[in-house]
Structures are given as C-alpha cells and as structure tokens.
file upload.txt (compact mmCIF, C-alpha atoms and all ligand atoms)
# COMPACT_ATOMS: atom_id res chain seq x y z
CA MET A 1 -9.77 -11.58 -15.05
CA ARG A 2 -12.51 -11.38 -12.46
CA VAL A 3 -12.36 -14.11 -9.88
CA ILE A 4 -15.72 -14.99 -8.41
CA ASN A 5 -16.40 -17.44 -5.64
CA ARG A 6 -18.27 -20.25 -7.38
CA ASP A 7 -20.54 -20.91 -4.39
CA THR A 8 -21.37 -17.39 -3.30
CA GLY A 9 -20.88 -15.42 -6.52
CA GLU A 10 -18.75 -12.95 -4.55
CA ILE A 11 -15.66 -11.35 -6.08
CA ILE A 12 -12.78 -12.16 -3.74
CA SER A 13 -9.67 -10.78 -5.34
CA GLU A 14 -8.41 -10.21 -8.82
CA CYS A 15 -4.82 -10.61 -7.70
CA PRO A 16 -3.09 -12.57 -10.46
CA THR A 17 -0.75 -14.48 -8.13
CA GLY A 18 -3.40 -17.11 -7.41
CA ILE A 19 -2.89 -17.28 -3.64
CA ARG A 20 -5.90 -19.15 -2.31
CA ALA A 21 -7.22 -20.58 0.92
CA PHE A 22 -10.24 -22.27 2.43
CA ASN A 23 -12.75 -20.15 4.27
CA ASP A 24 -14.69 -21.31 7.32
CA ALA A 25 -17.41 -22.78 5.09
CA GLY A 26 -14.79 -24.97 3.41
CA GLN A 27 -14.92 -23.01 0.14
CA VAL A 28 -11.80 -22.06 -1.77
CA VAL A 29 -11.35 -18.29 -2.00
CA ARG A 30 -8.73 -16.22 -3.71
CA LEU A 31 -6.57 -13.96 -1.54
CA SER A 32 -4.55 -10.82 -2.27
CA CYS A 33 -0.75 -10.89 -2.22
CA ASN A 34 -0.67 -7.32 -0.83
CA GLN A 35 2.52 -6.45 -2.71
CA TRP A 36 3.24 -3.10 -4.32
CA LYS A 37 4.80 -4.88 -7.28
CA CYS A 38 1.48 -6.64 -8.06
CA PRO A 39 -0.51 -4.73 -10.71
CA TYR A 40 -3.80 -5.46 -8.90
CA CYS A 41 -2.82 -5.27 -5.21
CA SER A 42 -0.85 -2.02 -5.66
CA HIS A 43 -4.15 -0.28 -6.40
CA VAL A 44 -5.79 -1.81 -3.33
CA LEU A 45 -2.87 -0.77 -1.11
CA ALA A 46 -2.89 2.75 -2.59
CA TRP A 47 -6.62 3.00 -1.95
CA ARG A 48 -6.21 1.87 1.68
CA TRP A 49 -3.48 4.45 2.32
CA SER A 50 -5.60 7.15 0.74
CA CYS A 51 -8.50 6.22 3.05
CA ARG A 52 -6.24 6.56 6.06
CA VAL A 53 -4.93 9.97 4.96
CA ARG A 54 -8.47 11.19 4.39
CA TYR A 55 -9.57 9.80 7.75
CA GLY A 56 -6.89 11.78 9.63
CA ILE A 57 -7.74 15.01 7.82
CA ASP A 58 -11.46 14.62 8.47
CA LEU A 59 -10.92 13.72 12.10
CA TRP A 60 -8.66 16.71 12.88
CA ASN A 61 -10.78 19.07 10.80
CA LEU A 62 -7.94 21.63 10.59
CA ASP A 63 -6.63 23.62 7.60
CA THR A 64 -4.60 21.22 5.52
CA PHE A 65 -1.59 22.01 3.36
CA HIS A 66 0.10 20.26 0.51
CA TRP A 67 3.83 20.65 -0.04
CA THR A 68 5.43 19.37 -3.24
CA LEU A 69 9.17 18.81 -2.99
CA THR A 70 11.43 17.98 -5.90
CA LEU A 71 15.02 16.82 -6.11
CA PRO A 72 17.85 18.96 -7.43
CA GLY A 73 18.04 19.01 -11.24
CA GLU A 74 21.51 17.47 -11.38
CA ILE A 75 20.25 14.07 -10.14
CA TYR A 76 19.83 11.73 -13.10
CA SER A 77 19.93 8.26 -11.57
CA SER A 78 16.65 7.15 -10.04
CA ASN A 79 18.44 4.83 -7.62
CA PHE A 80 20.50 7.70 -6.24
CA ALA A 81 17.38 9.88 -6.21
CA PHE A 82 15.66 7.55 -3.75
CA LYS A 83 18.62 7.77 -1.36
CA VAL A 84 18.69 11.56 -1.54
CA LEU A 85 14.93 11.69 -1.12
CA LYS A 86 15.04 9.66 2.06
CA SER A 87 17.81 11.70 3.70
CA ALA A 88 16.38 15.06 2.55
CA TRP A 89 13.00 14.10 3.97
CA ASP A 90 14.62 13.05 7.28
CA ASN A 91 16.30 16.47 7.47
CA LEU A 92 13.15 18.37 6.61
CA ARG A 93 11.04 16.40 9.02
CA LYS A 94 13.48 17.06 11.89
CA GLN A 95 13.58 20.78 11.08
CA CYS A 96 9.79 20.90 11.23
CA GLN A 97 9.68 18.93 14.48
CA ARG A 98 12.11 21.43 16.05
CA LYS A 99 10.16 24.49 14.90
CA LEU A 100 6.59 23.35 15.40
CA PRO A 101 4.84 22.32 18.62
CA TYR A 102 3.63 19.16 16.84
CA PHE A 103 4.02 17.94 13.27
CA HIS A 104 1.29 15.77 11.78
CA TYR A 105 2.23 14.63 8.30
CA ALA A 106 1.54 12.12 5.58
CA SER A 107 4.31 12.05 2.99
CA PHE A 108 4.20 9.99 -0.17
CA VAL A 109 6.31 9.50 -3.23
CA GLU A 110 5.43 10.23 -6.82
CA ILE A 111 7.49 8.67 -9.57
CA HIS A 112 7.83 11.61 -11.91
CA PRO A 113 6.92 10.63 -15.48
CA HIS A 114 8.88 13.42 -17.17
CA ARG A 115 12.15 13.02 -15.35
CA SER A 116 13.00 9.39 -16.15
CA GLY A 117 11.68 8.01 -12.89
CA ILE A 118 13.13 10.67 -10.58
CA ALA A 119 10.81 10.76 -7.58
CA HIS A 120 8.92 13.71 -6.11
CA LEU A 121 7.77 13.93 -2.54
CA HIS A 122 4.33 15.15 -1.51
CA VAL A 123 3.58 16.10 2.05
CA VAL A 124 0.09 16.61 3.43
CA THR A 125 0.19 18.36 6.78
CA MET A 126 -1.80 20.56 9.15
CA HIS A 127 0.84 23.31 9.14
CA TRP A 128 2.21 26.06 6.98
CA CYS A 129 5.87 25.43 6.34
CA PRO A 130 7.72 27.13 9.26
CA GLY A 131 9.80 29.21 6.83
CA ARG A 132 9.96 30.06 3.13
CA ILE A 133 9.33 26.64 1.61
CA LYS A 134 11.91 26.94 -1.19
CA ASP A 135 14.70 27.79 1.27
CA PHE A 136 13.52 25.21 3.74
CA ALA A 137 13.48 22.49 1.10
CA HIS A 138 16.86 23.44 -0.36
CA HIS A 139 18.45 23.54 3.09
CA ALA A 140 17.26 19.97 3.72
CA GLY A 141 18.68 18.65 0.44
CA PHE A 142 15.72 19.01 -1.95
CA GLY A 143 15.76 21.20 -5.05
CA TYR A 144 14.57 24.82 -5.03
CA GLU A 145 11.42 23.83 -6.87
CA ALA A 146 9.03 23.50 -3.94
CA THR A 147 5.45 24.64 -3.57
CA GLU A 148 2.87 24.92 -0.82
CA THR A 149 -0.90 25.18 -1.24
CA THR A 150 -3.99 24.42 0.81
CA ILE A 151 -5.78 21.17 0.03
CA SER A 152 -9.08 19.43 0.79
CA GLY A 153 -9.24 15.97 2.35
CA MET A 154 -10.81 14.58 -0.79
CA ARG A 155 -8.08 15.90 -3.08
CA ALA A 156 -5.33 14.76 -0.71
CA ALA A 157 -6.77 11.24 -0.73
CA LEU A 158 -6.99 11.35 -4.52
CA TYR A 159 -3.30 12.28 -4.82
CA VAL A 160 -2.25 9.50 -2.44
CA ALA A 161 -4.20 6.92 -4.44
CA LYS A 162 -2.99 8.27 -7.79
CA TYR A 163 0.70 8.64 -7.05
CA THR A 164 1.40 5.66 -4.83
CA SER A 165 -0.23 3.15 -7.21
CA LYS A 166 2.18 4.06 -10.01
CA GLN A 167 4.71 1.35 -10.68
CA GLY A 168 8.21 2.34 -9.66
CA GLN A 169 10.58 0.11 -11.60
CA GLY A 170 13.67 1.72 -10.11
CA MET A 171 12.27 1.83 -6.60
CA PRO A 172 14.55 0.05 -4.12
CA ARG A 173 13.01 -2.97 -2.41
CA ARG A 174 11.25 -2.14 0.85
CA PHE A 175 11.25 1.57 0.05
CA ARG A 176 8.30 3.05 1.88
CA ARG A 177 6.01 4.84 -0.52
CA VAL A 178 3.96 6.39 2.27
CA ARG A 179 5.20 7.69 5.62
CA LEU A 180 2.85 8.95 8.31
CA SER A 181 3.65 10.72 11.55
CA GLN A 182 3.07 8.52 14.58
CA SER A 183 0.22 10.82 15.50
CA TRP A 184 -1.73 10.05 12.31
CA PRO A 185 -4.94 8.19 13.31
CA LYS A 186 -5.31 4.56 12.32
CA LEU A 187 -8.42 3.42 10.50
CA PRO A 188 -10.86 1.62 12.78
CA LYS A 189 -10.44 -2.14 12.64
CA THR A 190 -13.03 -3.85 10.49
CA VAL A 191 -14.46 -7.22 11.30
CA PRO A 192 -13.72 -9.63 8.44
CA GLU A 193 -16.83 -11.05 6.81
CA MET A 194 -15.44 -14.56 6.89
CA ARG A 195 -12.56 -16.43 8.43
CA VAL A 196 -9.97 -17.81 6.07
CA PHE A 197 -7.29 -20.38 6.77
CA PRO A 198 -4.31 -19.68 4.51
CA PRO A 199 -1.82 -22.54 4.05
CA LEU A 200 1.18 -22.22 6.37
CA PRO A 201 4.69 -21.94 4.97
CA ARG A 202 6.04 -25.42 4.09
CA GLU A 203 2.78 -27.10 5.15
CA SER A 204 2.03 -30.10 2.93
CA ILE A 205 -1.31 -30.14 1.15
CA TRP A 206 -2.43 -33.12 3.23
CA ASP A 207 -1.57 -31.44 6.56
CA TYR A 208 -3.39 -28.39 5.31
CA LEU A 209 -6.51 -30.35 4.36
CA VAL A 210 -6.57 -32.09 7.74
CA ARG A 211 -6.19 -28.80 9.58
CA VAL A 212 -9.02 -27.18 7.60
CA SER A 213 -11.11 -30.30 8.02
CA MET A 214 -10.86 -30.00 11.82
CA GLU A 215 -11.93 -26.35 11.62
CA THR A 216 -14.82 -26.90 9.22
CA ASP A 217 -15.99 -30.45 9.91
CA ILE A 218 -15.71 -31.23 6.22
CA ALA A 219 -13.87 -34.41 5.23
CA PRO A 220 -10.35 -33.89 3.85
CA ASN A 221 -11.11 -35.73 0.59
CA VAL A 222 -14.07 -33.41 -0.08
CA LEU A 223 -11.85 -30.41 0.56
CA ARG A 224 -9.18 -31.86 -1.68
CA GLU A 225 -11.65 -32.21 -4.53
CA ARG A 226 -12.74 -28.60 -4.16
CA TRP A 227 -9.11 -27.45 -4.10
CA MET A 228 -8.27 -29.38 -7.26
CA ASP A 229 -11.42 -28.18 -9.07
CA TYR A 230 -10.64 -24.59 -8.18
CA THR A 231 -7.08 -24.96 -9.36
CA GLN A 232 -8.24 -26.42 -12.65
CA ASP A 233 -11.08 -23.96 -13.23
CA TYR A 234 -8.85 -20.93 -12.86
CA ASN A 235 -5.80 -22.41 -14.49
CA LEU A 236 -3.72 -21.90 -11.37
CA SER A 237 -0.50 -23.69 -10.60
CA SER A 238 -1.40 -27.15 -9.32
CA GLU A 239 1.82 -27.53 -7.31
CA GLU A 240 0.00 -27.47 -4.02
CA GLY A 241 -2.50 -30.01 -5.31
CA ASP A 242 0.13 -32.65 -6.03
CA ASP A 243 1.05 -33.90 -2.62
ZN ZN B 1 -1.51 -9.27 -5.77

call {"tool": "encode", "arguments": {"input": "upload.txt", "output": "structure tokens", "more": "lines below"}}
Ligand SMILES: [Zn+2]
result
Amino acid sequence: MRVINRDTGEIISECPTGIRAFNDAGQVVRLSCNQWKCPYCSHVLAWRWSCRVRYGIDLWNLDTFHWTLTLPGEIYSSNFAFKVLKSAWDNLRKQCQRKLPYFHYASFVEIHPHRSGIAHLHVVTMHWCPGRIKDFAHHAGFGYEATETTISGMRAALYVAKYTSKQGQGMPRRFRRVRLSQSWPKLPKTVPEMRVFPPLPRESIWDYLVRVSMETDIAPNVLRERWMDYTQDYNLSSEEGDD
C-alpha cells in the first residue's frame, strides 16, 4: 500500500508497521521502522548501504576487486554457518591487515538460495588477495570454493543491494549483514526536508500532543483530531489515540 501525506501528496514511507509522527507543520506523517526484518525497510536499508559502498569506490577511484567466499560443504545448519562465517571473516580480515599496508573493505552476506540458507560472504576491496585466494580462504576457515574478480562500482553497489535485502530467516538477531572497514568513507549528511517529532517511549498521547503543540503553535485538540483521522484512514492501530 502506498502511503501518501494527505496534505502534501508526498509519499512518506510504505513501511507496514504504521509508525507515525507529527512534522513541524503539524501534519501526521508515516515513518520507517528501519528494521531488516521489515519487508519494506529492508530494501531501503540495502539501498542505503549500496550507495555508501559505491560512494567509497568512486571516491578512491582505484581498481576494485570482488571476492566470493563460501563455507565448507559439511556445514548444514544455517545457525552454525553464521558463527563460522563470523570467525572465518575475522581471521581472513586479520591476515589481510597483516599483509597489506592498508585494507579497505566492504563485506556483505548473501543467504544462498541453493544451500538451505547457508550464507556466502562477498568482499569488495581495493586489493588483490595477498595470496592464492582458495588457500587464503581455506586457511581462515572458509571452504575452498573462493573466487576473485575485478568489479565496477556500479556492479558492486548492485550486489550489495541485491544480496543484503534478501530475507534471512535463520539469521541470528543483530547479525551484521554489512561490515565496512573504518576507512570506508561515510555518505555526506543530508539535510532533512522537514522536522518530525516522533512520540517518545512511554509518552502518553496527551503529553505528546502538548509537546507538538508547543513546537507547532497548533492547538492540541486540532492535532488530536488529525491523529485520529490519520489512524482511521489508514486502518492503523488506534492504541495511541485512546489516551
Ligand atoms: Zn519498516
């Protein structure tokens, strides 16, 4: 369902969780939950990470390589696979940091569709592997199936967006789908187009309306009406509306 701001006609967020807030004009707008488990927000998060990977590659303007690392064939449980993946990556990363003068990387997980959720690891980096990649990978705890190719910034960004947005049912909570070296440039900060005032945790609806009213100079009962209308129009939970 597309959610459009009834006053401005602007699409705010299609996140199905229904998190909403007043903006500085006293209009109710829909916010994103920013969770990987959300079918809408996972795509937005994946897209943001892919932008950042692309940004680093474009900024450095160096040859860029793509390593694909798999797990040994004898791993059948996806839960165990995530543990192995994390420790194997730690080992590999440390080996690279020892052998290279600097190691810029963006690594991201792909949930492999043909191996019952066993994850793959992709690494985008500005270096050739400092050794034969199959041996290097195996030594760190990955399987022998490892490849290395050159890659363009556009394709790297595409892979990040494609792989990270896949749902990982067996993925442990708080598992990081994307890991970047500290050196990887951050995207420039954007100025938000409008201020929003999200409700605070455990804030009652009345306290919230009063707080927004002081910020916007709109009477609390007017705000309350807008909040209730919005809740009704979009069939959202009215819990917050029943003070
Ligand atoms: Zn969401």

call {"tool": "closest_atom_pairs", "arguments": {"input": "upload.txt", "of": "chain A", "to": "ligand ZN 1 (chain B)", "cutoff": "9 Å", "atoms": "only C-alpha atoms and all ligand atoms", "output": "Markdown table"}}
result
| residue | atom | partner | partner_atom | distance |
| --- | --- | --- | --- | --- |
| A:Ser13 | CA | B:ZN1 | ZN | 8.3 |
| A:Glu14 | CA | B:ZN1 | ZN | 7.6 |
| A:Cys15 | CA | B:ZN1 | ZN | 4.1 |
| A:Pro16 | CA | B:ZN1 | ZN | 5.9 |
| A:Thr17 | CA | B:ZN1 | ZN | 5.8 |
| A:Gly18 | CA | B:ZN1 | ZN | 8.2 |
| A:Ile19 | CA | B:ZN1 | ZN | 8.4 |
| A:Leu31 | CA | B:ZN1 | ZN | 8.1 |
| A:Ser32 | CA | B:ZN1 | ZN | 4.9 |
| A:Cys33 | CA | B:ZN1 | ZN | 4.0 |
| A:Asn34 | CA | B:ZN1 | ZN | 5.4 |
| A:Gln35 | CA | B:ZN1 | ZN | 5.8 |
| A:Trp36 | CA | B:ZN1 | ZN | 7.9 |
| A:Lys37 | CA | B:ZN1 | ZN | 7.8 |
| A:Cys38 | CA | B:ZN1 | ZN | 4.6 |
| A:Pro39 | CA | B:ZN1 | ZN | 6.8 |
| A:Tyr40 | CA | B:ZN1 | ZN | 5.4 |
| A:Cys41 | CA | B:ZN1 | ZN | 4.2 |
| A:Ser42 | CA | B:ZN1 | ZN | 7.3 |
| A:Val44 | CA | B:ZN1 | ZN | 8.9 |

call {"tool": "residues_around", "arguments": {"input": "upload.txt", "residues": "A:Pro101", "least_positions_apart": "4", "cutoff": "12 Å", "atoms": "only C-alpha atoms", "output": "PDB file with C-alpha atoms, keeping the file's coordinate frame"}}
result
ATOM      1  CA  GLN A  95      13.580  20.780  11.080  1.00  0.00           C
ATOM      2  CA  CYS A  96       9.790  20.900  11.230  1.00  0.00           C
ATOM      3  CA  GLN A  97       9.680  18.930  14.480  1.00  0.00           C
ATOM      4  CA  MET A 126      -1.800  20.560   9.150  1.00  0.00           C
ATOM      5  CA  HIS A 127       0.840  23.310   9.140  1.00  0.00           C
ATOM      6  CA  PRO A 130       7.720  27.130   9.260  1.00  0.00           C
TER       7      PRO A 130
END

call {"tool": "atom_distance", "arguments": {"input": "upload.txt", "atom1": "atom CA of A:Val210", "atom2": "atom CA of A:Gln232"}}
result
21.2 Å

call {"tool": "residues_around", "arguments": {"input": "upload.txt", "residues": "stretch 57-59 of chain A", "least_positions_apart": "3", "cutoff": "7 Å", "atoms": "all atoms listed in the file", "output": "list in words"}}
result
Val53, Arg54 and Gly153 of chain A

call {"tool": "residues_around", "arguments": {"input": "upload.txt", "residues": "stretch 118-120 of chain A", "least_positions_apart": "3", "cutoff": "12 Å", "atoms": "only C-alpha atoms", "output": "MDAnalysis selection string"}}
result
chainID A and resid 67:86 88:89 107:115 123 142:143 145:147 163:164 166:172 175 177

call {"tool": "closest_residue", "arguments": {"input": "upload.txt", "among": "A:Leu223, A:Ile133, A:Cys51, A:Met228", "to": "A:Gln27", "atoms": "all atoms listed in the file"}}
result
A:Leu223

call {"tool": "atom_distance", "arguments": {"input": "upload.txt", "atom1": "atom CA of A:Ala157", "atom2": "atom CA of A:Lys186"}}
result
14.7 Å

call {"tool": "atom_distance", "arguments": {"input": "upload.txt", "atom1": "atom CA of A:Ala219", "atom2": "atom CA of A:Thr231"}}
result
18.7 Å

call {"tool": "axis_aligned_box", "arguments": {"input": "upload.txt", "around": "stretch 95-100 of chain A", "padding_each_side": "6 Å", "output": "AutoDock Vina command-line options"}}
result
--center_x 10.1 --center_y 21.7 --center_z 13.6 --size_x 19.0 --size_y 17.6 --size_z 17.0

call {"tool": "build_atoms", "arguments": {"input": "upload.txt", "residues": "stretch 218-233 of chain A", "atoms": "N, CA and C atoms", "output": "mmCIF file, in the frame of the given file"}}
result
data_model
loop_
_atom_site.group_PDB
_atom_site.id
_atom_site.type_symbol
_atom_site.label_atom_id
_atom_site.label_comp_id
_atom_site.auth_asym_id
_atom_site.auth_seq_id
_atom_site.Cartn_x
_atom_site.Cartn_y
_atom_site.Cartn_z
ATOM 1 N N ILE A 218 -15.498 -30.683 7.568
ATOM 2 C CA ILE A 218 -15.710 -31.230 6.220
ATOM 3 C C ILE A 218 -14.560 -32.210 5.946
ATOM 4 N N ALA A 219 -14.885 -33.360 5.391
ATOM 5 C CA ALA A 219 -13.870 -34.410 5.230
ATOM 6 C C ALA A 219 -12.734 -33.946 4.318
ATOM 7 N N PRO A 220 -11.508 -34.333 4.639
ATOM 8 C CA PRO A 220 -10.350 -33.890 3.850
ATOM 9 C C PRO A 220 -10.466 -34.226 2.365
ATOM 10 N N ASN A 221 -11.052 -35.382 2.024
ATOM 11 C CA ASN A 221 -11.110 -35.730 0.590
ATOM 12 C C ASN A 221 -12.095 -34.831 -0.164
ATOM 13 N N VAL A 222 -13.135 -34.353 0.543
ATOM 14 C CA VAL A 222 -14.070 -33.410 -0.080
ATOM 15 C C VAL A 222 -13.354 -32.075 -0.322
ATOM 16 N N LEU A 223 -12.599 -31.666 0.693
ATOM 17 C CA LEU A 223 -11.850 -30.410 0.560
ATOM 18 C C LEU A 223 -10.841 -30.502 -0.580
ATOM 19 N N ARG A 224 -10.210 -31.662 -0.646
ATOM 20 C CA ARG A 224 -9.180 -31.860 -1.680
ATOM 21 C C ARG A 224 -9.788 -31.726 -3.090
ATOM 22 N N GLU A 225 -10.970 -32.296 -3.240
ATOM 23 C CA GLU A 225 -11.650 -32.210 -4.530
ATOM 24 C C GLU A 225 -11.958 -30.751 -4.907
ATOM 25 N N ARG A 226 -12.419 -30.016 -3.908
ATOM 26 C CA ARG A 226 -12.740 -28.600 -4.160
ATOM 27 C C ARG A 226 -11.475 -27.826 -4.558
ATOM 28 N N TRP A 227 -10.390 -28.141 -3.844
ATOM 29 C CA TRP A 227 -9.110 -27.450 -4.100
ATOM 30 C C TRP A 227 -8.644 -27.717 -5.531
ATOM 31 N N MET A 228 -8.734 -29.000 -5.916
ATOM 32 C CA MET A 228 -8.270 -29.380 -7.260
ATOM 33 C C MET A 228 -9.170 -28.754 -8.337
ATOM 34 N N ASP A 229 -10.487 -28.772 -8.096
ATOM 35 C CA ASP A 229 -11.420 -28.180 -9.070
ATOM 36 C C ASP A 229 -11.125 -26.703 -9.258
ATOM 37 N N TYR A 230 -10.901 -26.039 -8.138
ATOM 38 C CA TYR A 230 -10.640 -24.590 -8.180
ATOM 39 C C TYR A 230 -9.369 -24.316 -8.979
ATOM 40 N N THR A 231 -8.365 -25.128 -8.695
ATOM 41 C CA THR A 231 -7.080 -24.960 -9.360
ATOM 42 C C THR A 231 -7.240 -25.139 -10.867
ATOM 43 N N GLN A 232 -8.039 -26.133 -11.235
ATOM 44 C CA GLN A 232 -8.240 -26.420 -12.650
ATOM 45 C C GLN A 232 -9.077 -25.326 -13.327
ATOM 46 N N ASP A 233 -10.167 -24.934 -12.651
ATOM 47 C CA ASP A 233 -11.080 -23.960 -13.230
ATOM 48 C C ASP A 233 -10.385 -22.643 -13.536
#
